[in-house]
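Colleague: Okay, so here is entry-v5.cif, and as you'll see once you scroll down, it has mmCIF, C-alpha atoms.
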```
data_work
loop_
_atom_site.label_atom_id
_atom_site.label_comp_id
_atom_site.auth_asym_id
_atom_site.auth_seq_id
_atom_site.Cartn_x
_atom_site.Cartn_y
_atom_site.Cartn_z
CA MET A 1 179.71 106.55 -2.43
CA THR A 2 179.63 103.52 -0.16
CA THR A 3 179.32 104.32 3.54
CA SER A 4 180.89 102.47 6.44
CA PRO A 5 178.65 99.75 7.92
CA THR A 6 177.26 99.90 11.45
CA PHE A 7 179.49 98.07 13.94
CA HIS A 8 178.87 96.51 17.33
CA SER A 9 181.10 97.54 20.22
CA THR A 10 184.49 95.81 20.38
CA ALA A 11 184.23 95.72 24.15
CA ALA A 12 182.05 92.61 23.96
CA GLU A 13 183.27 89.31 22.57
CA GLU A 14 181.56 86.07 21.71
CA PRO A 15 181.69 83.11 24.06
CA GLU A 16 183.49 80.14 22.60
CA GLU A 17 181.49 77.00 21.98
CA PRO A 18 182.82 73.45 21.53
CA GLU A 19 183.50 72.30 17.99
CA GLU A 20 180.49 70.83 16.27
CA PRO A 21 180.60 67.00 16.39
CA GLU A 22 180.58 64.94 13.21
CA ASP A 23 177.43 62.98 14.12
CA GLN A 24 174.32 65.09 13.61
CA PRO A 25 170.69 64.24 14.44
CA ARG A 26 169.10 62.57 11.44
CA SER A 27 165.55 62.07 10.26
CA GLY A 28 163.98 58.83 9.07
CA ASN A 29 165.25 59.31 5.53
CA GLY A 30 168.84 59.53 6.72
CA GLN A 31 169.25 63.26 6.13
CA ALA A 32 170.72 65.47 8.82
CA HIS A 33 168.39 67.93 10.50
CA ARG A 34 169.34 71.58 9.99
CA VAL A 35 168.16 73.71 12.87
CA GLN A 36 168.23 77.45 12.28
CA LEU A 37 168.32 79.64 15.36
CA PRO A 38 168.59 83.41 15.68
CA ALA A 39 172.11 84.82 15.87
CA PRO A 40 173.34 85.35 19.44
CA ARG A 41 174.18 88.69 20.96
CA LEU A 42 177.86 89.34 21.49
CA GLY A 43 178.69 88.84 25.13
CA PRO A 44 181.70 88.55 27.44
CA TYR A 45 183.50 85.29 28.04
CA PRO A 46 182.21 83.33 31.03
CA PRO A 47 184.70 82.87 33.90
CA GLU A 48 186.83 79.78 33.68
CA ALA A 49 187.43 77.39 36.55
CA GLY A 50 189.30 79.16 39.35
CA GLU A 51 188.55 82.68 38.11
CA ALA A 52 186.66 85.21 40.12
CA PRO A 53 183.17 86.08 38.85
CA GLY A 54 183.39 88.72 36.16
CA ALA A 55 187.06 88.07 35.46
CA GLY A 56 186.33 86.45 32.10
CA ARG A 57 188.68 84.65 29.77
CA ARG A 58 190.51 87.83 28.88
CA ALA A 59 191.66 88.50 32.44
CA ALA A 60 194.88 86.53 32.03
CA ALA A 61 196.71 84.67 29.29
CA ARG A 62 196.76 80.91 29.39
CA PRO A 63 200.09 79.26 30.26
CA GLY A 64 202.36 79.16 27.23
CA ARG A 65 200.34 81.74 25.29
CA ALA A 66 201.11 85.37 24.65
CA PRO A 67 198.73 87.91 26.17
CA ARG A 68 195.89 88.75 23.80
CA ALA A 69 195.64 92.33 22.64
CA ALA A 70 192.36 94.17 22.25
CA ALA A 71 190.25 93.02 19.32
CA ARG A 72 189.45 95.15 16.32
CA THR A 73 186.06 94.84 14.66
CA PHE A 74 185.63 94.26 10.93
CA ALA A 75 182.74 93.58 8.59
CA TRP A 76 182.36 92.29 5.04
CA THR A 77 179.75 94.16 2.99
CA LEU A 78 178.31 93.71 -0.50
CA PRO A 79 177.82 97.12 -2.17
CA ASN A 80 176.53 95.67 -5.44
CA PRO A 81 175.31 92.04 -5.62
CA LEU A 82 175.55 92.11 -9.42
CA LYS A 83 179.32 92.57 -9.30
CA GLY A 84 180.03 89.94 -6.65
CA ARG A 85 182.64 92.18 -5.03
CA PHE A 86 182.78 92.31 -1.24
CA GLU A 87 184.35 95.13 0.76
CA LEU A 88 186.13 94.73 4.10
CA TRP A 89 185.60 97.59 6.55
CA VAL A 90 187.27 98.21 9.88
CA GLU A 91 185.39 99.99 12.65
CA ALA A 92 185.76 103.79 12.40
CA GLY A 93 187.38 103.39 8.97
CA SER A 94 186.74 105.96 6.25
CA ARG A 95 187.30 103.57 3.34
CA PRO A 96 187.42 99.81 2.74
CA LEU A 97 190.51 97.98 3.98
CA ALA A 98 190.26 95.44 1.15
CA ARG A 99 188.04 94.21 -1.68
CA LEU A 100 187.35 90.59 -2.56
CA THR A 101 185.84 89.69 -5.93
CA ILE A 102 184.53 86.12 -6.03
CA GLY A 103 183.74 84.47 -9.34
CA GLY A 104 184.46 81.45 -11.46
CA LEU A 105 182.53 78.23 -11.68
CA ALA A 106 180.88 77.45 -8.32
CA PHE A 107 182.86 80.25 -6.66
CA ALA A 108 186.11 78.54 -7.58
CA ASP A 109 188.33 81.63 -7.52
CA ALA A 110 188.64 85.13 -6.10
CA THR A 111 190.79 88.25 -6.37
CA LEU A 112 191.88 90.12 -3.24
CA GLU A 113 192.85 93.79 -3.46
CA ALA A 114 194.43 95.23 -0.32
CA GLY A 115 196.23 98.51 -0.85
CA GLU A 116 198.97 97.92 -3.43
CA HIS A 117 198.70 94.15 -3.11
CA ARG A 118 196.64 91.85 -5.34
CA LEU A 119 196.32 88.15 -4.60
CA LEU A 120 194.54 85.35 -6.44
CA LEU A 121 192.69 82.64 -4.50
CA THR A 122 192.00 79.53 -6.56
CA ALA A 123 190.20 76.41 -5.34
CA GLU A 124 191.77 73.17 -6.56
CA GLY A 125 191.35 69.42 -6.30
CA VAL A 126 188.33 67.17 -5.95
CA GLY A 127 185.64 68.97 -3.98
CA ASN A 128 187.78 72.12 -3.84
CA ARG A 129 189.82 70.64 -0.97
CA ARG A 130 192.72 73.03 -1.59
CA VAL A 131 193.01 76.77 -2.14
CA ALA A 132 196.17 78.14 -3.76
CA ILE A 133 197.02 81.78 -2.97
CA ALA A 134 199.30 83.52 -5.47
CA ASP A 135 200.58 86.99 -6.25
CA ALA A 136 198.45 88.37 -9.07
CA ALA A 137 201.39 89.99 -10.88
CA THR A 138 203.96 87.19 -10.74
CA ARG A 139 201.60 84.20 -10.26
CA LYS A 140 204.00 83.02 -7.57
CA VAL A 141 202.24 80.92 -4.92
CA VAL A 142 202.66 82.50 -1.48
CA ALA A 143 200.38 80.22 0.58
CA ASP A 144 198.28 77.09 0.34
CA PHE A 145 195.16 76.09 2.28
CA GLU A 146 194.05 72.47 2.63
CA TRP A 147 190.89 71.07 4.20
CA HIS A 148 191.27 68.21 6.70
CA ARG A 149 187.58 68.09 7.46
CA PRO A 150 185.73 70.12 4.81
CA GLY A 151 183.70 72.94 6.31
CA HIS A 152 185.18 72.40 9.76
CA GLN A 153 188.96 72.24 9.92
CA GLY A 154 191.93 73.01 7.69
CA THR A 155 195.51 74.29 7.60
CA LEU A 156 196.99 77.38 5.94
CA ARG A 157 200.65 76.89 5.03
CA LEU A 158 202.91 79.69 3.86
CA VAL A 159 205.78 79.03 1.47
CA ASP A 160 208.28 80.35 4.05
CA GLY A 161 207.16 77.81 6.63
CA GLY A 162 204.41 79.55 8.60
CA GLN A 163 201.31 77.55 9.48
CA LEU A 164 197.87 78.50 10.81
CA GLU A 165 194.87 76.39 11.75
CA TRP A 166 191.31 77.16 10.56
CA ARG A 167 188.57 75.69 12.71
CA ARG A 168 184.82 75.87 13.08
CA THR A 169 183.66 76.27 16.69
CA GLY A 170 180.14 76.22 18.06
CA ARG A 171 177.30 73.82 17.37
CA TRP A 172 174.30 76.14 17.19
CA HIS A 173 175.95 79.51 16.51
CA PRO A 174 179.13 78.68 14.60
CA THR A 175 182.11 80.97 14.30
CA PHE A 176 185.34 80.31 12.42
CA THR A 177 188.84 81.03 13.65
CA PHE A 178 192.47 81.20 12.57
CA MET A 179 195.00 80.31 15.28
CA ASP A 180 198.79 80.34 15.13
CA ARG A 181 201.15 77.50 16.06
CA PHE A 182 201.10 78.59 19.72
CA GLY A 183 197.31 78.46 19.93
CA ASN A 184 196.88 82.25 19.86
CA LEU A 185 193.62 83.41 18.33
CA LEU A 186 194.22 85.73 15.35
CA VAL A 187 190.84 86.01 13.64
CA ARG A 188 187.25 85.10 14.50
CA LEU A 189 184.75 85.28 11.64
CA ARG A 190 180.96 84.94 11.67
CA PRO A 191 178.78 83.76 8.77
CA ASP A 192 177.09 87.18 8.68
CA GLY A 193 180.36 88.85 7.68
CA ARG A 194 181.31 90.31 11.05
CA ALA A 195 184.81 89.55 12.30
CA LEU A 196 187.23 90.22 15.14
CA GLY A 197 190.95 90.57 14.49
CA TYR A 198 193.37 90.02 17.36
CA GLY A 199 197.02 90.74 17.96
CA SER A 200 199.38 89.49 20.64
CA SER A 201 201.88 91.55 22.55
CA ALA A 202 204.65 88.97 22.14
CA HIS A 203 205.41 85.48 20.88
CA PRO A 204 207.58 82.96 22.73
CA GLU A 205 209.88 83.12 19.71
CA PRO A 206 209.78 84.84 16.31
CA GLY A 207 208.06 82.92 13.56
CA PRO A 208 206.97 83.22 9.92
CA GLU A 209 203.22 83.27 10.61
CA PRO A 210 201.14 86.23 9.32
CA SER A 211 200.99 89.11 11.77
CA PRO A 212 197.56 90.55 12.71
CA SER A 213 199.27 93.95 13.00
CA SER A 214 200.09 93.85 9.27
CA PRO A 215 197.18 95.17 7.15
CA ARG A 216 198.16 92.87 4.27
CA ASP A 217 198.38 89.75 6.42
CA LEU A 218 195.16 90.53 8.27
CA ALA A 219 193.34 91.22 5.01
CA LEU A 220 194.58 87.86 3.67
CA LEU A 221 193.28 85.94 6.70
CA LEU A 222 189.90 87.68 6.65
CA ALA A 223 189.60 87.30 2.88
CA LEU A 224 190.55 83.62 2.87
CA GLY A 225 188.13 82.95 5.71
CA TRP A 226 185.30 84.75 3.93
CA PHE A 227 186.13 82.97 0.66
CA LEU A 228 185.90 79.61 2.44
CA LEU A 229 182.52 80.52 3.93
CA VAL A 230 181.07 81.83 0.65
CA SER A 231 182.41 79.02 -1.55
CA GLY A 232 181.27 76.44 1.01
CA GLY A 233 177.75 77.85 1.25
CA THR A 234 178.16 78.74 4.94
CA ALA A 235 178.11 82.52 4.60
CA ALA A 236 174.83 84.32 5.14
CA ARG A 237 173.34 86.35 2.33
CA LEU A 238 174.46 89.95 2.82
CA ALA A 239 172.11 92.83 2.15
CA PRO A 240 173.45 95.45 -0.28
CA ALA A 241 175.46 98.12 1.57
CA ALA A 242 173.92 101.57 1.90
CA THR A 243 175.10 104.24 -0.46
CA GLY A 244 175.06 107.97 -0.12
#
```
Starting from the file, give its structure as structure tokens.
Modeller:
Amino acid sequence: MTTSPTFHSTAAEEPEEPEEPEDQPRSGNGQAHRVQLPAPRLGPYPPEAGEAPGAGRRAAARPGRAPRAAARTFAWTLPNPLKGRFELWVEAGSRPLARLTIGGLAFADATLEAGEHRLLLTAEGVGNRRVAIADAATRKVVADFEWHRPGHQGTLRLVDGGQLEWRRTGRWHPTFTFMDRFGNLLVRLRPDGRALGYGSSAHPEPGPEPSPSSPRDLALLLALGWFLLVSGGTAARLAPAATG
């Protein structure tokens, strides 16, 4: 029986870093340097201009944005490396929230199982620049992801008109986020499989974007994000989950 992974406290969040620039330091042979640094500890947001010390970025919502709800902590685990099936756990959960099986040539496709829902994620196009997301039973496409800047920025479009932005932030300790059309942060994912899922208390107006309060929608965002990291070679190698 697979046991729940060890989680860090949700009370601490990661500081945001500016998006990594396109121009990287290069050596004499023209290849970019790759500097590997230890992962940072989770810490509170630093105060923004005009905020009192210790207030942090969560003290008040930015103008035009809905107040951010408390984050929930998630983690992707790999119970059996031979099967290539990842499990998504939520903090204090007694069983996995979802399972993601990645396979195909060069990690070109994946199957997401979240409760009664099964979705297929299939990379398409030259350089896998697109990912089609379809219902496994009907093969009906429900969403489409397209890279604008591979590995850094892309857009998730739903067939009913919703749209989310995927972006890499941080130069030395990158994280990856999904944000809605109002700029509200929905998901923050780390290469080591840890993730934070956010909700918002209200939107300026109703919209078709996935809701972080919906287990199916949240599982889709976390699964697509993890699929992008694994298929793009950005995800860290996960140790097999403990069993007992």
Colleague: Output the residue selection produced by the PyMOL selection byres ((chain A and resi 89) around 10) on the file above, formatted as an MDAnalysis selection string.
Modeller: chainID A and resid 3:7 73:77 86:88 90:99 194:195
Colleague: Considering only C-alpha atoms, can you say which of A:Ser231, A:Gly161, A:Asn80, A:Gly197 comes closest to A:Thr122?
Modeller: A:Ser231
Colleague: What is the atom CA of A:Gly103-atom CA of A:Leu220 distance in Å, reported with one decimal?
Modeller: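 Straight-line distance from atom CA of A:Gly103 to atom CA of A:Leu220 works out to 17.3 Å.
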Colleague: For A:Gln153, find every residue with an atom within 8 Å (counting only C-alpha atoms), except residues of its own chain fewer than 4 positions away, and show them as a list in words.
Modeller: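 Final neighbour list, sorted by chain and number: Trp147, His148, Arg149, Glu165, Trp166, Arg167 and Arg168 of chain A.
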Colleague: Take the PyMOL selection byres ((chain A and resi 140) around 12), apply it to the structure above, and return the hits as a list of chain:residue names.
Modeller: A:Arg118, A:Leu119, A:Leu120, A:Leu121, A:Ala132, A:Ile133, A:Ala134, A:Asp135, A:Ala136, A:Ala137, A:Thr138, A:Arg139, A:Val141, A:Val142, A:Ala143, A:Asp144, A:Leu158, A:Val159
